[in-house]
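Visitor: Got a structure for you, protein28.txt, holding compact mmCIF, C-alpha atoms.
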# COMPACT_ATOMS: atom_id res chain seq x y z
CA PRO A 6 77.79 131.28 214.35
CA GLU A 7 76.38 130.45 210.93
CA PRO A 8 72.61 131.18 210.80
CA PRO A 9 70.58 127.92 210.90
CA GLU A 10 68.23 129.10 208.10
CA GLY A 11 65.18 127.83 209.97
CA GLY A 12 64.37 125.83 213.10
CA TRP A 13 63.30 128.15 215.92
CA GLY A 14 63.85 130.94 213.42
CA TRP A 15 60.41 130.29 211.92
CA VAL A 16 58.80 131.01 215.32
CA VAL A 17 60.90 134.17 215.58
CA MET A 18 59.76 135.13 212.07
CA LEU A 19 56.07 134.82 213.07
CA ALA A 20 56.68 136.88 216.24
CA ALA A 21 58.47 139.56 214.19
CA MET A 22 55.60 139.46 211.69
CA TRP A 23 53.11 140.17 214.49
CA CYS A 24 55.35 143.02 215.67
CA ASN A 25 55.35 144.67 212.24
CA GLY A 26 51.60 144.17 211.99
CA ALA A 27 50.73 145.58 215.40
CA VAL A 28 53.09 148.58 215.17
CA PHE A 29 52.57 149.69 211.57
CA GLY A 30 49.02 148.39 211.25
CA ILE A 31 47.99 150.91 213.91
CA GLN A 32 50.25 153.64 212.50
CA ASN A 33 49.04 153.17 208.90
CA SER A 34 45.39 153.17 210.02
CA CYS A 35 45.86 156.61 211.55
CA GLY A 36 43.65 158.12 208.81
CA VAL A 37 40.57 156.55 210.40
CA LEU A 38 41.64 157.69 213.88
CA PHE A 39 42.45 161.14 212.45
CA VAL A 40 38.90 161.67 211.15
CA SER A 41 37.49 160.50 214.48
CA MET A 42 39.76 162.90 216.42
CA LEU A 43 38.68 165.81 214.20
CA ARG A 44 35.06 165.05 215.00
CA LEU A 45 35.62 164.44 218.72
CA PHE A 46 38.01 167.24 219.66
CA GLY A 47 37.41 169.82 216.93
CA SER A 48 35.22 172.88 216.66
CA SER A 49 34.16 174.94 213.66
CA ASP A 50 35.87 178.03 215.15
CA ASP A 51 39.34 176.46 215.14
CA LYS A 52 41.06 177.52 211.90
CA GLN A 53 44.12 175.33 212.57
CA LEU A 54 42.20 172.19 213.49
CA VAL A 55 43.66 169.92 210.79
CA PHE A 56 47.19 171.17 211.49
CA LYS A 57 46.97 170.52 215.24
CA THR A 58 45.28 167.13 214.92
CA ALA A 59 47.77 165.93 212.29
CA TRP A 60 50.56 166.33 214.85
CA VAL A 61 49.23 163.38 216.89
CA SER A 62 49.66 160.77 214.14
CA SER A 63 52.69 162.48 212.63
CA LEU A 64 54.51 162.71 215.95
CA SER A 65 53.71 159.07 216.63
CA MET A 66 55.17 157.82 213.34
CA GLY A 67 58.16 160.16 213.65
CA MET A 68 59.01 159.00 217.18
CA VAL A 69 58.99 155.35 216.07
CA PHE A 70 61.97 156.21 213.87
CA PHE A 71 63.49 159.00 215.99
CA CYS A 72 64.18 156.60 218.88
CA SER A 73 65.85 154.06 216.61
CA PRO A 74 69.50 155.12 217.20
CA ILE A 75 68.93 154.81 220.96
CA VAL A 76 67.15 151.48 220.48
CA SER A 77 70.06 150.12 218.44
CA ILE A 78 72.46 150.97 221.31
CA PHE A 79 70.24 149.22 223.86
CA THR A 80 69.83 146.24 221.51
CA ASP A 81 73.61 145.88 221.21
CA LEU A 82 74.04 146.21 224.98
CA PHE A 83 71.20 144.08 226.34
CA GLY A 84 69.99 141.96 223.41
CA CYS A 85 66.85 141.82 221.28
CA ARG A 86 64.63 139.96 223.73
CA LYS A 87 64.84 142.34 226.72
CA VAL A 88 64.54 145.48 224.60
CA ALA A 89 61.50 144.14 222.67
CA ILE A 90 59.65 143.06 225.84
CA ILE A 91 60.20 146.39 227.65
CA GLY A 92 59.25 148.32 224.51
CA ALA A 93 55.97 146.46 224.11
CA ALA A 94 55.13 147.11 227.79
CA VAL A 95 55.80 150.85 227.42
CA GLY A 96 53.70 150.96 224.23
CA LEU A 97 50.84 149.22 226.01
CA VAL A 98 50.92 151.79 228.82
CA GLY A 99 50.98 154.68 226.32
CA LEU A 100 48.05 153.36 224.29
CA LEU A 101 45.98 152.61 227.39
CA SER A 102 46.61 156.05 228.88
CA SER A 103 45.56 157.64 225.54
CA SER A 104 42.07 156.26 226.08
CA PHE A 105 41.52 158.43 229.18
CA VAL A 106 42.26 161.93 227.79
CA SER A 107 39.64 164.64 227.36
CA THR A 108 41.45 167.06 225.00
CA ILE A 109 43.81 166.74 222.02
CA GLU A 110 46.93 168.09 223.76
CA PRO A 111 47.62 165.12 226.13
CA LEU A 112 47.60 162.81 223.10
CA TYR A 113 50.81 164.46 221.93
CA PHE A 114 52.53 162.78 224.89
CA THR A 115 50.52 159.59 225.53
CA TYR A 116 50.02 158.56 221.89
CA GLY A 117 52.60 160.64 220.03
CA ILE A 118 55.56 159.99 222.36
CA LEU A 119 54.95 157.25 224.96
CA PHE A 120 53.11 154.77 222.71
CA ALA A 121 55.42 155.50 219.77
CA CYS A 122 58.63 155.10 221.81
CA GLY A 123 57.39 151.75 223.06
CA CYS A 124 56.65 150.70 219.47
CA SER A 125 60.15 151.76 218.43
CA PHE A 126 61.79 149.66 221.16
CA ALA A 127 59.63 146.69 220.18
CA TYR A 128 60.07 147.08 216.41
CA GLN A 129 63.79 147.39 215.74
CA PRO A 130 64.85 144.18 217.56
CA SER A 131 62.45 142.32 215.25
CA LEU A 132 64.66 143.37 212.30
CA VAL A 133 67.96 142.54 214.00
CA ILE A 134 66.96 139.11 215.38
CA LEU A 135 66.15 137.82 211.88
CA GLY A 136 69.83 138.09 210.94
CA HIS A 137 70.62 135.64 213.77
CA TYR A 138 68.56 132.91 212.12
CA PHE A 139 68.65 133.64 208.37
CA LYS A 140 71.20 134.68 205.77
CA LYS A 141 70.46 133.05 202.40
CA ARG A 142 66.70 133.52 202.88
CA LEU A 143 66.92 136.93 204.58
CA GLY A 144 65.21 138.79 201.71
CA LEU A 145 62.29 136.36 201.62
CA VAL A 146 61.94 136.31 205.42
CA ASN A 147 62.02 140.12 205.58
CA GLY A 148 59.31 140.18 202.92
CA ILE A 149 57.11 137.83 204.95
CA VAL A 150 57.75 139.73 208.20
CA THR A 151 57.03 143.16 206.74
CA ALA A 152 53.92 141.72 205.06
CA GLY A 153 52.53 141.52 208.61
CA SER A 154 51.91 145.27 208.59
CA SER A 155 50.04 144.87 205.29
CA LEU A 156 47.71 142.24 206.75
CA PHE A 157 46.91 144.54 209.67
CA THR A 158 46.64 147.60 207.40
CA VAL A 159 44.06 145.71 205.31
CA SER A 160 41.90 144.59 208.22
CA LEU A 161 42.29 147.28 210.91
CA PRO A 162 40.56 150.22 209.11
CA PHE A 163 37.29 148.29 208.84
CA LEU A 164 37.57 147.03 212.40
CA LEU A 165 38.37 150.52 213.67
CA ARG A 166 35.42 152.02 211.80
CA VAL A 167 33.02 149.46 213.29
CA LEU A 168 34.48 149.90 216.79
CA ILE A 169 34.47 153.72 216.66
CA ASP A 170 30.85 153.78 215.47
CA SER A 171 29.85 151.23 218.12
CA VAL A 172 31.88 152.01 221.24
CA ASP A 173 33.56 155.41 220.51
CA LEU A 174 37.24 156.29 220.02
CA PHE A 175 38.42 155.75 223.60
CA ASN A 176 37.11 152.18 223.91
CA THR A 177 38.57 151.46 220.47
CA LEU A 178 42.03 152.40 221.79
CA ARG A 179 41.48 150.01 224.70
CA VAL A 180 40.68 147.20 222.27
CA LEU A 181 43.92 147.96 220.40
CA CYS A 182 45.78 147.35 223.67
CA ILE A 183 45.16 143.63 223.07
CA LEU A 184 47.49 143.80 220.07
CA MET A 185 50.22 145.34 222.21
CA PHE A 186 49.79 142.70 224.92
CA VAL A 187 50.29 139.90 222.36
CA LEU A 188 53.33 141.84 221.12
CA PHE A 189 54.66 141.81 224.69
CA LEU A 190 54.39 138.00 224.74
CA ALA A 191 55.94 137.69 221.27
CA GLY A 192 59.12 139.37 222.51
CA PHE A 193 59.91 136.32 224.66
CA THR A 194 60.54 134.26 221.51
CA TYR A 195 63.59 136.34 220.47
CA LYS A 196 66.16 133.79 221.61
CA PRO A 197 69.56 135.31 220.69
CA LEU A 198 72.20 133.25 218.88
CA VAL A 199 74.82 136.02 219.02
CA PRO A 200 75.87 137.21 222.51
CA ASN A 201 75.21 140.86 223.33
CA THR A 202 77.71 143.27 224.86
CA LYS A 203 76.40 142.69 228.39
CA ASP A 204 76.89 138.93 228.13
CA LYS A 205 80.39 139.33 226.64
CA GLU A 206 81.58 141.76 229.31
CA GLY A 207 79.88 139.82 232.11
CA GLY A 208 81.44 136.55 230.97
CA LYS A 209 84.92 138.05 231.05
CA LYS A 210 84.84 139.98 234.31
CA GLY A 211 82.01 138.47 236.33
CA LYS A 212 79.92 141.64 236.30
CA PHE A 213 78.71 143.95 233.58
CA LYS A 214 80.73 147.05 232.76
CA LEU A 215 79.81 149.54 230.07
CA PRO A 216 82.08 149.33 227.03
CA PRO A 217 83.86 152.43 225.64
CA ALA A 218 81.68 155.16 224.13
CA LYS A 219 83.03 154.37 220.65
CA LYS A 220 81.56 150.88 220.88
CA ILE A 221 78.23 152.12 222.23
CA CYS A 222 77.74 154.73 219.49
CA ASN A 223 79.29 153.16 216.42
CA PHE A 224 79.61 156.19 214.15
CA SER A 225 82.13 154.28 212.02
CA VAL A 226 79.26 153.25 209.72
CA PHE A 227 79.29 156.82 208.40
CA LYS A 228 82.84 156.23 207.14
CA VAL A 229 81.30 153.95 204.48
CA PRO A 230 80.63 156.28 201.49
CA SER A 231 77.74 154.25 200.08
CA TYR A 232 76.01 154.22 203.49
CA ARG A 233 76.40 158.01 203.78
CA ILE A 234 74.61 158.48 200.45
CA TRP A 235 71.89 156.04 201.54
CA ALA A 236 71.46 157.89 204.84
CA LEU A 237 71.03 161.14 202.87
CA GLY A 238 68.81 159.88 200.05
CA ILE A 239 66.24 157.94 202.09
CA PRO A 240 65.31 160.84 204.45
CA ALA A 241 65.25 163.25 201.48
CA ALA A 242 62.66 161.02 199.81
CA LEU A 243 60.39 160.75 202.85
CA PHE A 244 59.16 164.32 203.36
CA GLY A 245 55.98 163.42 201.50
CA TYR A 246 55.86 159.68 202.20
CA PHE A 247 53.49 159.68 205.20
CA VAL A 248 51.19 162.45 203.92
CA PRO A 249 48.71 160.14 202.09
CA TYR A 250 48.39 157.83 205.12
CA VAL A 251 47.34 160.73 207.36
CA HIS A 252 45.30 162.94 205.02
CA LEU A 253 43.90 160.69 202.29
CA MET A 254 40.79 159.71 204.29
CA ASN A 255 39.88 163.34 204.99
CA HIS A 256 40.62 164.33 201.36
CA VAL A 257 38.20 161.65 200.11
CA LYS A 258 35.53 162.73 202.58
CA GLU A 259 35.84 166.37 201.43
CA ARG A 260 35.82 165.52 197.70
CA PHE A 261 33.30 162.66 197.54
CA GLY A 262 31.35 163.09 200.78
CA ASP A 263 29.99 160.05 202.65
CA SER A 264 28.88 158.31 199.46
CA VAL A 265 32.09 156.27 199.12
CA PRO A 266 33.78 153.85 201.57
CA GLU A 267 37.11 155.61 202.08
CA GLU A 268 38.46 152.62 204.08
CA VAL A 269 38.66 150.72 200.77
CA LEU A 270 41.69 152.86 199.88
CA LEU A 271 43.62 151.64 202.92
CA LEU A 272 42.51 148.13 201.98
CA CYS A 273 44.04 148.59 198.52
CA LEU A 274 47.23 150.05 199.98
CA GLY A 275 47.54 147.17 202.42
CA ILE A 276 46.87 144.34 199.96
CA THR A 277 49.27 145.48 197.26
CA SER A 278 51.87 146.50 199.85
CA GLY A 279 51.81 142.93 201.16
CA VAL A 280 52.13 141.55 197.64
CA GLY A 281 55.01 143.95 196.96
CA ARG A 282 56.87 142.89 200.10
CA LEU A 283 56.61 139.19 199.29
CA VAL A 284 57.46 139.55 195.59
CA PHE A 285 60.22 142.16 195.80
CA GLY A 286 61.68 140.57 198.95
CA ARG A 287 62.23 137.39 196.97
CA VAL A 288 63.44 139.28 193.89
CA ALA A 289 66.04 141.08 196.05
CA ASP A 290 67.63 137.71 196.93
CA TYR A 291 68.55 137.29 193.25
CA ILE A 292 69.94 140.81 192.72
CA PRO A 293 73.65 140.90 193.57
CA GLY A 294 75.26 143.35 195.99
CA ALA A 295 74.29 147.00 196.18
CA LYS A 296 72.29 146.79 192.94
CA LYS A 297 69.33 145.99 195.18
CA ILE A 298 69.15 149.76 195.65
CA TYR A 299 67.65 150.13 192.17
CA LEU A 300 64.45 148.54 193.52
CA GLN A 301 64.20 151.42 196.02
CA VAL A 302 64.90 153.95 193.28
CA ALA A 303 62.00 152.55 191.22
CA SER A 304 59.72 152.48 194.26
CA PHE A 305 60.38 156.14 195.13
CA PHE A 306 59.77 157.19 191.53
CA PHE A 307 56.35 155.52 191.43
CA ILE A 308 55.37 156.63 194.98
CA GLY A 309 56.12 160.27 194.06
CA LEU A 310 54.21 159.97 190.79
CA MET A 311 51.16 158.37 192.43
CA SER A 312 51.07 161.03 195.16
CA MET A 313 50.94 163.75 192.49
CA MET A 314 48.08 161.93 190.75
CA ILE A 315 45.81 161.87 193.83
CA PRO A 316 44.39 165.41 193.23
CA LEU A 317 43.83 164.55 189.54
CA CYS A 318 41.47 161.68 190.38
CA LYS A 319 37.94 162.95 189.81
CA VAL A 320 36.29 159.55 190.26
CA PHE A 321 36.72 157.14 193.15
CA GLY A 322 37.79 154.26 190.87
CA ALA A 323 40.82 156.21 189.67
CA LEU A 324 41.83 156.82 193.28
CA ILE A 325 41.64 153.07 193.94
CA ALA A 326 44.00 152.41 191.00
CA VAL A 327 46.47 154.99 192.34
CA CYS A 328 46.43 153.40 195.81
CA LEU A 329 47.00 149.93 194.33
CA PHE A 330 50.21 151.08 192.61
CA MET A 331 51.31 153.16 195.60
CA GLY A 332 50.93 150.19 197.94
CA LEU A 333 52.86 147.86 195.62
CA PHE A 334 55.94 150.09 195.54
CA ASP A 335 55.60 151.01 199.21
CA GLY A 336 56.05 147.29 199.91
CA CYS A 337 59.09 147.22 197.66
CA PHE A 338 60.75 150.09 199.55
CA ILE A 339 60.10 148.65 203.01
CA CYS A 340 61.04 144.99 202.54
CA ILE A 341 64.60 145.52 201.28
CA MET A 342 65.75 148.00 203.93
CA ALA A 343 67.49 145.35 206.07
CA PRO A 344 69.10 143.41 203.15
CA ILE A 345 70.57 146.66 201.78
CA ALA A 346 71.92 147.60 205.23
CA PHE A 347 73.58 144.17 205.55
CA GLU A 348 75.10 144.67 202.09
CA LEU A 349 76.49 148.17 202.72
CA VAL A 350 77.96 147.83 206.23
CA GLY A 351 78.07 144.09 207.00
CA ALA A 352 76.36 142.02 209.69
CA GLN A 353 78.51 143.33 212.56
CA ASP A 354 77.37 146.95 212.24
CA VAL A 355 73.89 146.44 210.84
CA SER A 356 71.98 147.14 214.08
CA GLN A 357 73.29 150.68 214.50
CA ALA A 358 73.31 151.30 210.74
CA ILE A 359 69.56 150.64 210.65
CA GLY A 360 69.11 152.63 213.85
CA PHE A 361 70.87 155.73 212.56
CA LEU A 362 68.97 155.57 209.27
CA LEU A 363 65.58 155.24 210.96
CA GLY A 364 66.50 158.13 213.26
CA LEU A 365 67.28 160.34 210.26
CA MET A 366 64.00 159.25 208.67
CA SER A 367 62.04 160.52 211.67
CA VAL A 368 62.46 164.22 210.85
CA PRO A 369 60.87 164.27 207.36
CA MET A 370 58.17 161.79 208.36
CA THR A 371 57.20 163.96 211.34
CA VAL A 372 57.28 167.30 209.52
CA GLY A 373 55.52 166.29 206.28
CA PRO A 374 51.91 165.66 207.43
CA PRO A 375 51.56 168.82 209.61
CA ILE A 376 52.83 170.95 206.69
CA ALA A 377 50.24 169.28 204.47
CA GLY A 378 47.60 170.02 207.10
CA LEU A 379 48.72 173.66 207.29
CA LEU A 380 48.42 173.98 203.50
CA ARG A 381 44.92 172.51 203.71
CA ASP A 382 43.91 175.00 206.43
CA LYS A 383 45.29 177.94 204.40
CA LEU A 384 44.15 176.96 200.90
CA GLY A 385 40.97 175.05 201.71
CA THR A 386 42.05 172.03 199.63
CA TYR A 387 44.61 169.22 199.73
CA ASP A 388 45.61 169.51 196.04
CA VAL A 389 48.82 171.52 196.50
CA ALA A 390 49.81 169.39 199.51
CA PHE A 391 49.66 166.16 197.45
CA TYR A 392 51.49 167.72 194.50
CA LEU A 393 54.32 168.84 196.78
CA ALA A 394 54.37 165.48 198.60
CA GLY A 395 55.34 163.80 195.32
CA VAL A 396 58.50 165.86 194.77
CA PRO A 397 60.80 164.57 197.59
CA PRO A 398 60.55 160.87 196.56
CA LEU A 399 61.74 161.81 193.05
CA ILE A 400 64.71 163.75 194.48
CA GLY A 401 65.61 161.01 196.96
CA GLY A 402 65.42 158.33 194.25
CA ALA A 403 67.82 160.32 192.06
CA ILE A 404 70.34 160.52 194.95
CA LEU A 405 70.18 156.75 195.53
CA CYS A 406 71.18 156.02 191.92
CA PHE A 407 74.83 156.79 192.78
CA ILE A 408 75.12 154.10 195.49
CA PRO A 409 75.94 150.99 193.35
CA TRP A 410 78.73 152.85 191.53
CA VAL A 411 80.22 154.22 194.78
CA HIS A 412 79.91 150.83 196.49
CA GLU A 413 81.73 149.02 193.66
CA ARG A 414 84.61 151.54 193.77
CA GLN A 415 84.79 151.10 197.54
CA LYS A 416 85.01 147.30 197.18
CA LEU A 417 87.76 147.62 194.55
CA LYS A 418 89.80 149.78 196.94
CA GLU A 419 89.33 147.26 199.75
CA ARG A 420 90.48 144.43 197.46
CA ALA A 421 93.58 146.42 196.53
CA LYS A 422 94.64 146.92 200.15
CA PRO A 423 95.50 143.27 200.96
CA VAL A 424 97.55 143.02 197.73
CA ASP A 425 99.60 146.05 198.76
CA GLY A 426 100.05 144.56 202.21
CA GLU A 427 101.32 141.26 200.80
CA THR A 428 103.75 143.07 198.49
CA THR A 429 105.16 145.07 201.41
CA GLU A 430 105.46 141.90 203.48
CA LYS A 431 107.40 140.12 200.73
CA MET A 432 109.72 143.12 200.34
CA LEU A 433 110.44 143.08 204.08
CA GLU A 434 111.08 139.34 203.99
CA ASN A 435 113.50 139.78 201.07
CA GLU A 436 115.32 142.57 202.90
CA SER A 437 115.67 140.49 206.05
CA THR A 438 116.99 137.56 203.97
CA LEU A 439 119.60 139.79 202.33
CA VAL A 440 120.68 141.19 205.69
CA SER A 441 120.99 137.72 207.22
CA ASP A 442 123.04 136.51 204.22
CA MET A 443 125.39 139.47 204.53
CA THR A 444 125.95 138.85 208.25
CA GLU A 445 126.43 135.10 207.80
CA LYS A 446 129.17 135.43 205.14
CA PRO A 447 131.73 137.28 207.34
CA VAL A 448 131.13 134.78 210.13
CA LYS A 449 131.84 131.88 207.78
CA GLU A 450 135.01 133.62 206.54
CA LEU A 451 136.16 134.10 210.11
CA ASP A 452 135.46 130.44 210.91
CA SER A 453 137.45 129.34 207.85
CA GLY A 454 140.35 131.68 208.81
CA PHE A 455 140.72 130.09 212.24
What would you get if you wrote out this structure as structure tokens?
Guide:
Amino acid sequence: PEPPEGGWGWVVMLAAMWCNGAVFGIQNSCGVLFVSMLRLFGSSDDKQLVFKTAWVSSLSMGMVFFCSPIVSIFTDLFGCRKVAIIGAAVGLVGLLSSSFVSTIEPLYFTYGILFACGCSFAYQPSLVILGHYFKKRLGLVNGIVTAGSSLFTVSLPFLLRVLIDSVDLFNTLRVLCILMFVLFLAGFTYKPLVPNTKDKEGGKKGKFKLPPAKKICNFSVFKVPSYRIWALGIPAALFGYFVPYVHLMNHVKERFGDSVPEEVLLLCLGITSGVGRLVFGRVADYIPGAKKIYLQVASFFFIGLMSMMIPLCKVFGALIAVCLFMGLFDGCFICIMAPIAFELVGAQDVSQAIGFLLGLMSVPMTVGPPIAGLLRDKLGTYDVAFYLAGVPPLIGGAILCFIPWVHERQKLKERAKPVDGETTEKMLENESTLVSDMTEKPVKELDSGF
């Protein structure tokens, strides 16, 4: 059915906004939790302390994306509502169990895997359900929804700092469980307008039967050349993307000591990221077709450049300016993911197209921060780590430049196919007419002879 462009969709938009805020607000505030974990679980004798601790936050962010292909399959089979509710419940259990550990190792499972998998199952349906209710305003709505993570990223670092100083890390994690419980309730608002596979099969046969494997895992999206380039370029750009979120707080503490409020940097990232999502989300609605990809190219260029400038900032004010620009273009990159996916593969395949892409993104986002931590442990400084973190976004952005050209050629080929089909049809019709004329003439001659 045609999306209603509103109505109950506005409630769904607010629920999806809370989902983005709860999931990525916690993930993006990992720098504050990272410093607290170093202090709580670390010892001066451990020479790989930063490397081991970075795996907790890095694994968590990576698993959010790694599970996405599986989530997309479940979303297609059972619908957005059920998957989102179960995901939020699993995330709540993972976060709550993380507050009862005594060493760093159990956090790899409770926080890095269980909590993150729950977040993944809750997050992706929030992207898919928006396409049920909006089409013309999809860019704007995606901008508003993804701005939810910016609002939480702005406020959570200060709240976390106050809570950690007041009631310690473990009780802080228990307070964060409130966000996940509200997310659990928000999932009930995802009223589907498009029937899922279970409903279709059940309606036909009376009971649910799994569809063929080809329908469950729709690898046909990789037959689209422009999508293949997108699925290569985005992960290539993200090897250094998550490094500042994990290590920037510790870098500031090492360079400037306790004399500066390092949480201000996350505040700057969050504010301008929210502005970027709202502005560029609306701008994307006016950019035709696959040319929207140029916004992501620009965002990766500036993100890479800003990451390289972090070690060059000798005063705290310069670091604030860098974070303001980085947040702005981070918002640009995030908010147009779904509109570009709809453009490249169409609405029918968008769920698994987003799922496969997020799954491919998980590897670089998981590997990047621990490598940066290892470089810090070996070299005693974060400078080289931040310089190297700026290189992949530049490479990925260069790869994405080819997409509009490839997509236009692909569309021209598709337009040519129906023309060829019509020509062939007309030729067959002409042939059949000639044959019928030839067979009719002898019959008429015979009739006239008798």
Visitor: Would you mind listing what lies within 12 Å of segment 146-148 of chain A as a VMD selection string, with only C-alpha atoms counted and same-chain residues fewer than 2 positions away left out?
Guide: chain A and resid 10 to 11 14 to 19 21 to 22 25 131 to 136 138 to 144 150 to 155 278 to 290 336 to 345
Visitor: Find, counting all atoms listed in the file, the residue in A:Ala242, A:Met66, A:Ala295, A:Val411 that gets nearest to Val396 of chain A.
Guide: A:Ala242
Visitor: Pick the closest to Thr108 of chain A from A:Phe330, A:Tyr246, A:Phe56, A:Phe46: which is it, counting all atoms listed in the file?
Guide: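 Smallest separation from Thr108 of chain A among the options: A:Phe46.
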Visitor: Using all atoms listed in the file, give me every residue within 9 Å of (68.3, 133.1, 220.0) in file coordinates, as a list of chain:residue names.
Guide: A:Trp13, A:Gly14, A:Val17, A:Cys85, A:Arg86, A:Ile134, A:His137, A:Tyr138, A:Thr194, A:Tyr195, A:Lys196, A:Pro197, A:Leu198, A:Val199, A:Pro200
Visitor: Would you kindly return, as number ranges by chain, each protein, DNA or RNA residue with an atom no farther than 12 Å from any atom of Ser264 of chain A, considering all atoms listed in the file and excluding same-chain residues fewer than 4 positions away?
Guide: A: 257-260, 320-321
Visitor: Could you check the closest approach to Phe334 of chain A for each of A:Phe189, A:Phe305, A:Tyr291, A:Tyr392 and tell me which residue wins, using all atoms listed in the file?
Guide: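 Ranking A:Phe189, A:Phe305, A:Tyr291, A:Tyr392 by distance to Phe334 of chain A, first place goes to A:Phe305.
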Visitor: Can you tell me which residues surround Arg166 of chain A at a distance of at most 10 Å, considering all atoms listed in the file, apart from same-chain residues fewer than 2 positions away, and format the answer as an MDAnalysis selection string?
Guide: chainID A and resid 37:38 41 161:164 168:171 173:174 177 268
Visitor: Would you be able to write out as a count of residues only which residues have an atom within 12 Å of (52.9, 138.4, 224.3) in the file's coordinates, counting only C-alpha atoms?
Guide: 28
Visitor: So that I can see what lies close to Met311 of chain A, please list as a PyMOL selection string the residues with an atom at most 12 Å from it, counting all atoms listed in the file and leaving out residues fewer than 4 positions away in the same chain.
Guide: chain A and resi 245-246+249+274+304-307+315-318+323-335+391-396+398-399
Visitor: One number please: atom CA of Lys297 of chain A to atom CA of Lys416 of chain A, in Å, one decimal.
Guide: 15.9 Å
Visitor: What gap, in Å, lies between atom CA of Leu253 of chain A and atom CA of Phe126 of chain A?
Guide: 28.2 Å
Visitor: Just need the box for segment 80-91 of chain A, edges along x, y and z, holding every atom the file lists for it with 3 Å tacked onto each side, so centre and edge lengths in Å to one decimal, as lines of an AutoDock Vina configuration file.
Guide:
center_x = 66.8
center_y = 143.2
center_z = 224.4
size_x = 20.4
size_y = 12.4
size_z = 12.4
Visitor: Between A:Val180, A:Leu156, A:Tyr387, A:Val350, single out the one closest to Cys273 of chain A, counting all atoms listed in the file.
Guide: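 Checking each of A:Val180, A:Leu156, A:Tyr387, A:Val350 against Cys273 of chain A, counting all atoms listed in the file, the winner is A:Leu156.
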Visitor: Which residue gives the smallest distance to Pro375 of chain A among A:Val248, A:Leu101, A:Val355, A:Leu112, with all atoms listed in the file counted?
Guide: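 Of all the options, A:Val248 lies closest to Pro375 of chain A.
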Visitor: Find the residue from A:Leu45, A:Leu64, A:Val229, A:Ile308 that sits nearest to Ser367 of chain A; use all atoms listed in the file when measuring.
Guide: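 Among A:Leu45, A:Leu64, A:Val229, A:Ile308, it is A:Leu64 that comes nearest to Ser367 of chain A.
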Visitor: Just the residues within 12 Å of Lys383 of chain A, please, counting all atoms listed in the file, with nothing from its chain fewer than 5 positions along; format it as a PyMOL selection string.
Guide: chain A and resi 52-56+376-378+388-390
Visitor: Take the selection from the previous step and output its residues with C-alpha atoms, as a PDB file, in the frame of the given file.
Guide:
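As written to disk, selection07.pdb reads:
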ATOM      1  CA  LYS A  52      41.060 177.520 211.900  1.00  0.00           C
ATOM      2  CA  GLN A  53      44.120 175.330 212.570  1.00  0.00           C
ATOM      3  CA  LEU A  54      42.200 172.190 213.490  1.00  0.00           C
ATOM      4  CA  VAL A  55      43.660 169.920 210.790  1.00  0.00           C
ATOM      5  CA  PHE A  56      47.190 171.170 211.490  1.00  0.00           C
ATOM      6  CA  ILE A 376      52.830 170.950 206.690  1.00  0.00           C
ATOM      7  CA  ALA A 377      50.240 169.280 204.470  1.00  0.00           C
ATOM      8  CA  GLY A 378      47.600 170.020 207.100  1.00  0.00           C
ATOM      9  CA  ASP A 388      45.610 169.510 196.040  1.00  0.00           C
ATOM     10  CA  VAL A 389      48.820 171.520 196.500  1.00  0.00           C
ATOM     11  CA  ALA A 390      49.810 169.390 199.510  1.00  0.00           C
TER      12      ALA A 390
END
Visitor: Take atom CA of Glu267 of chain A and atom CA of Ser65 of chain A and report the distance between them in Å, one decimal.
Guide: 22.3 Å
